[in-house]
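Q: Quick one: this structure, given as structure tokens, is what I'll be asking you about.
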Amino acid sequence: MKTGRWWDVLQMRFRSLAKRQRVETELDKELRHHIELQTEENIAAGMDAREAREAASRMFGGVSQIEEECRDMRQTQYLDNFVQDLRYAVRILGKNLTFTAVIVLTLALSIGANSAIFSVIDGVLLNPLPYPQAERIARVFYRSASYPKFPLNPWDFLDFRARNRSFESFAVYTHADMQLSGADGDPVKLSAFRISSGYFQVLGLHPANGREFDFLEERPGSGNVVILSDRVWRNQFGATADILGKKVLLESQPFTVVGVMPPGVDHPGNSYNSVAYGDTVDAWTPFTFDGNSNNRGSHYVEGIGRLKPGVTVEQAAADFNGLMTEMATHHEGDKGWTIYMVPLFQEIVGPVHKMLLVLLGAVGLVLLIACVNAANLLLARAAARQREIAMRAALGAGRGRLVRQMLAESLLISVLGGGLGAMLAIVGVRALVALLPAGFPRLDAIHVNVTVFGFTAAIALVTGLIFGLVPAVQASRTDLQQGLRDGGRDSSGSGRQTRLRAVLVVGEVGLACLLLVCAGVLLRSFVNLLKSDPGFRPEHVLTAEIALPDATYKDKTAVADFYTRMLTNLSALPGTRSVGAGTDLPWTGYDDNMGGFTIEGKTPPPNEEFHARYHTASPDYFRAVGIPLVRGRFFDERDRKDSQRTMIINDVMARRYWPGEDVIGKRITFDDKPKESDWFVVVGVVGDVKDKPESAGAEPAFWWPLMQQPFAFRSMTIALRANTHPTLLAEGVRNVVRELDPSLAVAHVKLMDKIANENFSTPRFALFLVGLFAGLAFVLAAIGIYGVTSYSVSQRMHEFGMRVALGASSGNLLWMVIRQGVLLAGMGVVIGIGCALVFGGVLDSLLYGVSSRDPLTLMGVGTVAVVTATLASLPSARRATGADPMTSLRAE
Amino acid sequence: MSKPSDLIQGTLDLLILKTIALQPMHGWAIAKRIQQVSKEALQVTQGALYPALHRLEQQGWVRGAWRESESGREAKFYSLTKAGRVQLDKELEQWQRLSSAVVLVINATQEA
């Protein structure tokens, strides 16, 4: 029975749609029939024919209204009316092309910008990592009072792996690039990691061919095996099918290939000598545990684990902390550490999370402003259309119908804007990805996809509703009689609308000011960064990296000898001013810390130890990099292998550990029971270089001379300061290295100012985008001010004419109009700056040397807003001065 | 003349359904019948009647059919569907519950 009813309903709906003509005729006929019967009854009651007919009609009321109501009952009228409304909307919008173009373009720009930023957020923050059940993967670090994130000790790892109850699998890995030779072409440096067994199990990945490492391969001397990336297998080995079991030459030693990974294996990122997250690793070799298992003092492996189902990171951390406490009772080296565990996802996207949300907020504000702007323009037009709307209401259009009609227009606008915006987003995302700062995670996950288009469509529709509803409801309230009588001039409705529009403009200016404050403080922060002294001179310096295989360069003497010979040959290259080698370059990230050394005659504060960043440098390293000497001397030929041991420290270290003393000649040792020859004498103090340009201050650091390095630093960076253009020397560097050892790869040949520049890419990116958004917001706000003043001038032309007749000068009129614009902007400024004071704090962590409440910026923004308001109201003001007193007088 | 808003919401539907439950009728006859039966107390305006009829038709409670009327003209006669009969019972029951509840309240107030 129920189905019978629904069948009836469906038939009715279909009939109403498909046989509209017939349904309409029948409706008409039905109502006419009623009137006829009523007329007959009236006649029977004694009226004459005409009178009877009129009385029947009167009693019946408005036929068209009843018809319309009956149509409403069909439920299909929404579709019908919608198509009708849409047609009408196209006609109306087509007639006002400039108006339509302004709204559609501003919407398209802001929708496009929103979609572009959203696609970055979608790819980076919303997309899960490309590992099965990635939410169960966590990174494991140590933490102490001075080191918030520190690598693990390999022997500790073995204990954790054997005893923890939280992880399904737990592994460690450490960065160790390898040189591949003997394949097709020149030797290449492979980005490589040493991994414990179970590493790929943690990630949920499996070799496409071959197998993962097993426990046995973690024992020292169990034979050299390697797993290759798909990329290396294809590019270096021609994708040969029988690669498994073959021997390849890595670091001049034969390694047996036991596996090849599938394409697109994403490295989960690492903190120490970091390799970016993504498809960045080429080879994996087993991590072997050799040496004394009681040595818990050295930390260099990074932990990663897959949690058992249902176990949280907090529970796992508590489990590990319990083990850590217990281990510390057996091993001195395990004291003072706790566990810091963080979900892998957070570890990867954490650094950009804040910035992306700030950008989303900024671009969302732009959309809001565009919305307000569109509502404002539509309101202005609704005012102009008051007469038309009143006419339609008089002809029987219900209020709902009027609102729907207006909404159809705004939806049409927003759909056009959304479509155009989607196209802009496609272009914008490409530009955005090209602009993204160096080291930005998950770049290849950023696409314009279905989700992004869904987002675009959703915001287009929602904005259409928002900016359409206000003017639509407003217009439908039009007082019928008044609207018809004076066609919208000076009606009370327009007073209400003017007020509403003023409020909208104030809001617009306020939001734009908020954005401009953000852009302003980001700009000041950026300028501060650029102005701050880097502590080195990156111009005209060429850099390159070299790694010596330990098979051929067995000890630190062999390593030091090679670098000394190489530097001698390099300095002979024409155009070279100075050339040096060091373990690293400024601003490339430095994480190695030496703790627990002894300073002669000093004791560290309780529960602390002396610590400093450690490096090795050749004699001319500081000259080549441009780090100045503060006192003492640089390294030179006096610092030989067998001479007095020396070191250079930085200014921070000198001031921190020897405050107010002359540090030259002071001594440090790394031995618990030092002989006389174990002491290092400070011979020089060099200027400070911060870890990154935005770091609060430099950290203590020291350098050993190349010839006296306490252990072999096989990977070194060459810095070559040139007289001419440094790129011209790149080929010379390669030749020098090839002459000394043809099996060596010269990697990462770069200009140092480029490396330095990459450090500014994040603030530059944020500044550029927020600046762009703020600019867009201001254009929109200016349009809003122009719109309101222009409308109010057209309403007041009559009044202005009277004023001229009464002796007002054109200066008076000009000022009256401009004052209106400036007053609106002024209120907006107050609101915007108020918001900036309240909410600006979220920016502070992105700022350097300036607060989000920077008074200079706030004043600047206020000035810009007032100037903009003046300029935006100028055209209307000039029009006001053209008011003709005669016209006004005649009208009176 | 009582405006539709004077009738309790949904009462008009009940009146229409009840009226055509006896035999199919056209709009004018329905209005007349309600007027007569209620002894002129209830006057259904056309502005309320026709939209209501069309709504009931769209909802599948009543069905309209064109045929010749007693006066020889083509008229649209509304009759109850099966579903409409069930609906009528439901509405009657509801109405009785409502009206007896109202009576209870009124009597209680008078006693007090």
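How things are named: the first chain in the structure tokens is A, the next is B, and so on; residues count from 1 in each chain; ligands count from 1 in the order shown.
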May I ask you to extract the residues of chain A within 9 Å of chain B, using only C-alpha atoms, and to give them as an MDAnalysis selection string?
A: chainID A and resid 1:2 4:10 12:13 26 29:31 33:35 37:38 59:63 65:75
Q: Given the selection you just returned, output its residues as a file containing N, CA and C atoms, formatted as an mmCIF file, in the first residue's frame.
A:
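Result written to part.cif:
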data_model
loop_
_atom_site.group_PDB
_atom_site.id
_atom_site.type_symbol
_atom_site.label_atom_id
_atom_site.label_comp_id
_atom_site.auth_asym_id
_atom_site.auth_seq_id
_atom_site.Cartn_x
_atom_site.Cartn_y
_atom_site.Cartn_z
ATOM 1 N N MET A 1 0.839 -1.199 0.000
ATOM 2 C CA MET A 1 0.000 0.000 0.000
ATOM 3 C C MET A 1 0.871 1.245 0.000
ATOM 4 N N LYS A 2 1.897 1.164 0.812
ATOM 5 C CA LYS A 2 2.807 2.305 0.863
ATOM 6 C C LYS A 2 3.428 2.575 -0.490
ATOM 7 N N GLY A 4 2.244 1.859 -3.273
ATOM 8 C CA GLY A 4 1.236 2.404 -4.171
ATOM 9 C C GLY A 4 1.204 3.913 -4.090
ATOM 10 N N ARG A 5 1.290 4.420 -2.875
ATOM 11 C CA ARG A 5 1.235 5.855 -2.700
ATOM 12 C C ARG A 5 2.454 6.519 -3.343
ATOM 13 N N TRP A 6 3.625 5.938 -3.094
ATOM 14 C CA TRP A 6 4.821 6.565 -3.667
ATOM 15 C C TRP A 6 4.803 6.534 -5.180
ATOM 16 N N TRP A 7 4.207 5.484 -5.692
ATOM 17 C CA TRP A 7 4.075 5.393 -7.138
ATOM 18 C C TRP A 7 3.209 6.552 -7.642
ATOM 19 N N ASP A 8 2.087 6.792 -6.939
ATOM 20 C CA ASP A 8 1.217 7.918 -7.284
ATOM 21 C C ASP A 8 2.008 9.225 -7.263
ATOM 22 N N VAL A 9 2.760 9.392 -6.171
ATOM 23 C CA VAL A 9 3.509 10.628 -6.005
ATOM 24 C C VAL A 9 4.476 10.825 -7.163
ATOM 25 N N LEU A 10 5.178 9.743 -7.491
ATOM 26 C CA LEU A 10 6.148 9.842 -8.581
ATOM 27 C C LEU A 10 5.475 10.239 -9.889
ATOM 28 N N MET A 12 2.727 11.847 -10.265
ATOM 29 C CA MET A 12 2.311 13.243 -10.208
ATOM 30 C C MET A 12 3.469 14.170 -10.536
ATOM 31 N N ARG A 13 4.617 13.871 -9.925
ATOM 32 C CA ARG A 13 5.788 14.721 -10.151
ATOM 33 C C ARG A 13 6.172 14.706 -11.625
ATOM 34 N N GLU A 26 -5.261 22.608 -17.097
ATOM 35 C CA GLU A 26 -6.222 22.015 -16.176
ATOM 36 C C GLU A 26 -6.406 22.861 -14.937
ATOM 37 N N LYS A 29 -8.500 25.757 -15.844
ATOM 38 C CA LYS A 29 -9.863 25.318 -16.066
ATOM 39 C C LYS A 29 -10.572 25.064 -14.732
ATOM 40 N N GLU A 30 -9.844 24.459 -13.822
ATOM 41 C CA GLU A 30 -10.411 24.115 -12.526
ATOM 42 C C GLU A 30 -10.832 25.380 -11.770
ATOM 43 N N LEU A 31 -9.946 26.366 -11.796
ATOM 44 C CA LEU A 31 -10.252 27.596 -11.064
ATOM 45 C C LEU A 31 -11.394 28.351 -11.741
ATOM 46 N N HIS A 33 -13.778 27.051 -13.410
ATOM 47 C CA HIS A 33 -14.990 26.303 -13.096
ATOM 48 C C HIS A 33 -15.575 26.761 -11.753
ATOM 49 N N HIS A 34 -14.682 26.979 -10.803
ATOM 50 C CA HIS A 34 -15.114 27.418 -9.489
ATOM 51 C C HIS A 34 -15.806 28.780 -9.565
ATOM 52 N N ILE A 35 -15.143 29.685 -10.319
ATOM 53 C CA ILE A 35 -15.709 31.029 -10.425
ATOM 54 C C ILE A 35 -17.073 30.994 -11.113
ATOM 55 N N LEU A 37 -19.253 28.555 -11.118
ATOM 56 C CA LEU A 37 -20.271 28.054 -10.203
ATOM 57 C C LEU A 37 -20.670 29.118 -9.191
ATOM 58 N N GLN A 38 -19.654 29.850 -8.715
ATOM 59 C CA GLN A 38 -19.926 30.906 -7.740
ATOM 60 C C GLN A 38 -20.801 31.980 -8.379
ATOM 61 N N MET A 59 -14.475 37.480 -4.423
ATOM 62 C CA MET A 59 -14.473 36.488 -3.366
ATOM 63 C C MET A 59 -13.316 35.509 -3.550
ATOM 64 N N PHE A 60 -13.052 35.255 -4.805
ATOM 65 C CA PHE A 60 -12.020 34.276 -5.115
ATOM 66 C C PHE A 60 -10.633 34.793 -4.765
ATOM 67 N N GLY A 61 -10.461 36.101 -4.882
ATOM 68 C CA GLY A 61 -9.123 36.656 -4.627
ATOM 69 C C GLY A 61 -8.290 36.607 -5.890
ATOM 70 N N GLY A 62 -6.993 36.848 -5.775
ATOM 71 C CA GLY A 62 -6.109 36.898 -6.953
ATOM 72 C C GLY A 62 -5.918 35.526 -7.561
ATOM 73 N N VAL A 63 -6.430 35.361 -8.787
ATOM 74 C CA VAL A 63 -6.324 34.058 -9.446
ATOM 75 C C VAL A 63 -4.865 33.658 -9.617
ATOM 76 N N GLN A 65 -2.313 34.510 -7.919
ATOM 77 C CA GLN A 65 -1.666 34.125 -6.659
ATOM 78 C C GLN A 65 -1.996 32.688 -6.290
ATOM 79 N N ILE A 66 -3.298 32.353 -6.437
ATOM 80 C CA ILE A 66 -3.709 30.987 -6.096
ATOM 81 C C ILE A 66 -3.041 29.995 -7.035
ATOM 82 N N GLU A 67 -2.995 30.371 -8.315
ATOM 83 C CA GLU A 67 -2.330 29.480 -9.273
ATOM 84 C C GLU A 67 -0.892 29.236 -8.853
ATOM 85 N N GLU A 68 -0.230 30.330 -8.491
ATOM 86 C CA GLU A 68 1.172 30.223 -8.099
ATOM 87 C C GLU A 68 1.312 29.301 -6.881
ATOM 88 N N GLU A 69 0.376 29.453 -5.943
ATOM 89 C CA GLU A 69 0.446 28.620 -4.747
ATOM 90 C C GLU A 69 0.209 27.163 -5.072
ATOM 91 N N CYS A 70 -0.725 26.918 -6.003
ATOM 92 C CA CYS A 70 -0.975 25.538 -6.415
ATOM 93 C C CYS A 70 0.261 24.958 -7.085
ATOM 94 N N ARG A 71 0.901 25.791 -7.876
ATOM 95 C CA ARG A 71 2.125 25.335 -8.539
ATOM 96 C C ARG A 71 3.169 24.956 -7.490
ATOM 97 N N ASP A 72 3.223 25.795 -6.431
ATOM 98 C CA ASP A 72 4.192 25.519 -5.367
ATOM 99 C C ASP A 72 3.992 24.138 -4.784
ATOM 100 N N MET A 73 2.704 23.696 -4.751
ATOM 101 C CA MET A 73 2.413 22.405 -4.157
ATOM 102 C C MET A 73 2.986 21.267 -4.976
ATOM 103 N N ARG A 74 3.313 21.545 -6.213
ATOM 104 C CA ARG A 74 3.818 20.457 -7.059
ATOM 105 C C ARG A 74 5.235 20.059 -6.692
ATOM 106 N N GLN A 75 5.918 20.875 -5.918
ATOM 107 C CA GLN A 75 7.279 20.580 -5.471
ATOM 108 C C GLN A 75 8.289 20.596 -6.620
#
Q: Run DSSP on the backbone and tell me which residues of region 232-469 of chain A come out as strand (DSSP E); list them as a ChimeraX atom specification.
A: /A:247-250,253-260,283-286,302-307,338-343
Q: Take the residues from that selection and put them in a file with C-alpha atoms, as a PDB file, in the first residue's frame.
A:
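Writing the result to part-v5.pdb gives the following:
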ATOM      1  CA  LYS A 247      78.324  -7.995  -6.752  1.00  0.00           C
ATOM      2  CA  VAL A 248      78.498  -4.211  -7.072  1.00  0.00           C
ATOM      3  CA  LEU A 249      81.393  -1.971  -6.043  1.00  0.00           C
ATOM      4  CA  LEU A 250      80.457   0.357  -3.160  1.00  0.00           C
ATOM      5  CA  GLN A 253      84.330  -2.943  -1.856  1.00  0.00           C
ATOM      6  CA  PRO A 254      82.176  -5.685  -3.376  1.00  0.00           C
ATOM      7  CA  PHE A 255      78.589  -5.827  -2.058  1.00  0.00           C
ATOM      8  CA  THR A 256      76.104  -8.541  -2.965  1.00  0.00           C
ATOM      9  CA  VAL A 257      72.698  -7.245  -4.098  1.00  0.00           C
ATOM     10  CA  VAL A 258      70.017  -9.049  -2.091  1.00  0.00           C
ATOM     11  CA  GLY A 259      67.040  -6.879  -2.945  1.00  0.00           C
ATOM     12  CA  VAL A 260      65.628  -4.167  -5.171  1.00  0.00           C
ATOM     13  CA  ALA A 283      70.804   2.170  -1.286  1.00  0.00           C
ATOM     14  CA  TRP A 284      70.472   0.445   2.065  1.00  0.00           C
ATOM     15  CA  THR A 285      73.116  -1.667   3.805  1.00  0.00           C
ATOM     16  CA  PRO A 286      72.801  -3.535   7.105  1.00  0.00           C
ATOM     17  CA  GLU A 302      67.736   7.141  14.637  1.00  0.00           C
ATOM     18  CA  GLY A 303      64.842   5.108  15.959  1.00  0.00           C
ATOM     19  CA  ILE A 304      61.632   4.302  14.147  1.00  0.00           C
ATOM     20  CA  GLY A 305      58.945   1.806  15.101  1.00  0.00           C
ATOM     21  CA  ARG A 306      55.543   0.457  14.186  1.00  0.00           C
ATOM     22  CA  LEU A 307      53.184   0.461  17.158  1.00  0.00           C
ATOM     23  CA  THR A 338      64.401  10.213  28.709  1.00  0.00           C
ATOM     24  CA  ILE A 339      62.481   9.079  25.641  1.00  0.00           C
ATOM     25  CA  TYR A 340      60.893  11.493  23.227  1.00  0.00           C
ATOM     26  CA  MET A 341      58.478   9.728  20.900  1.00  0.00           C
ATOM     27  CA  VAL A 342      56.541  11.451  18.141  1.00  0.00           C
ATOM     28  CA  PRO A 343      54.239  10.159  15.391  1.00  0.00           C
TER      29      PRO A 343
END
Q: Mind pulling up the distance from CA of Val683 (chain A) to CA of Thr646 (chain A)?
A: 6.3 Å
Q: Just the residues within 12 Å of Ala241 (chain A), please, counting only C-alpha atoms, with nothing from its chain fewer than 5 positions along; format it as a list in words.
A: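 Final neighbour list, sorted by chain and number: Ala208, Asn209, Gly210, Asp230, Trp233, Arg234, Lys246, Gly259 and Val260 of chain A.
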Q: Calculate how many Å separate CA of Asp159 (chain A) from CA of Arg219 (chain A), rounding to one decimal.
A: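 Answer for the CA of Asp159 (chain A) to CA of Arg219 (chain A) separation: 15.5 Å.
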Q: Excluding Met827 (chain A) and residues on its chain fewer than 6 positions from it, collect all residues at most 9 Å away from it, counting only C-alpha atoms, and give them as a list of chain:residue names.
A: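 In the requested form, the answer reads A:Val506, A:Gly507, A:Val509, A:Gly510.
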Q: Mind dumping the selected residues with C-alpha atoms as a short mmCIF file (atom, residue, chain, number, x, y, z; two decimals), in the first residue's frame?
A:
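Now in again_2.cif:
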data_model
loop_
_atom_site.label_atom_id
_atom_site.label_comp_id
_atom_site.auth_asym_id
_atom_site.auth_seq_id
_atom_site.Cartn_x
_atom_site.Cartn_y
_atom_site.Cartn_z
CA VAL A 506 34.07 48.64 7.69
CA GLY A 507 34.37 44.87 8.07
CA VAL A 509 38.69 47.29 5.67
CA GLY A 510 39.16 45.69 9.09
#
Q: Fewer than 2 positions away in the same chain doesn't count, so skip those; otherwise give me all residues within 8 Å of Leu88 (chain B), counting only C-alpha atoms, as a list in words.
A: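 Once the nearby chain positions are removed, what remains is Leu14, Leu17, Lys18, Gly84, Arg85, Val86, Lys90, Glu91 and Leu92 of chain B.
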Q: Pick out the residues sitting within 6 Å of region 795-802 of chain A, and hand them over as a ChimeraX atom specification; count only C-alpha atoms, and ignore anything fewer than 2 positions along from it in its own chain.
A: /A:792-793,804-805,883-885,888
Q: Write the selection just made, keeping C-alpha atoms, as a PDB file, in the first residue's frame?
A:
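What landed in out.pdb:
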ATOM      1  CA  SER A 792      25.911  57.689  -1.600  1.00  0.00           C
ATOM      2  CA  VAL A 793      26.994  60.486  -3.951  1.00  0.00           C
ATOM      3  CA  VAL A 804      26.169  74.606  -3.921  1.00  0.00           C
ATOM      4  CA  ALA A 805      23.162  76.885  -4.270  1.00  0.00           C
ATOM      5  CA  ALA A 883      26.435  68.888  -8.693  1.00  0.00           C
ATOM      6  CA  ASP A 884      24.298  71.391 -10.528  1.00  0.00           C
ATOM      7  CA  PRO A 885      22.383  73.825  -8.286  1.00  0.00           C
ATOM      8  CA  SER A 888      18.257  70.714  -7.653  1.00  0.00           C
TER       9      SER A 888
END
Q: Looking only at the backbone, which of the residues in region 26-108 of chain B does DSSP tag as helix (DSSP H, G or I), as number ranges by chain?
A: B: 27-37, 46-59, 82-108
Q: Residues near Asp662 (chain A), anyone? I mean within 12 Å using only C-alpha atoms, not counting same-chain ones fewer than 3 positions away, as a ChimeraX atom specification.
A: /A:630-632,651,654-655,657-659,665-667,682-685
Q: May I ask for the distance between CA of Ser271 (chain A) and CA of Phe289 (chain A), given in Å to one decimal place?
A: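 About the pair CA of Ser271 (chain A) and CA of Phe289 (chain A): they are 21.1 Å apart.
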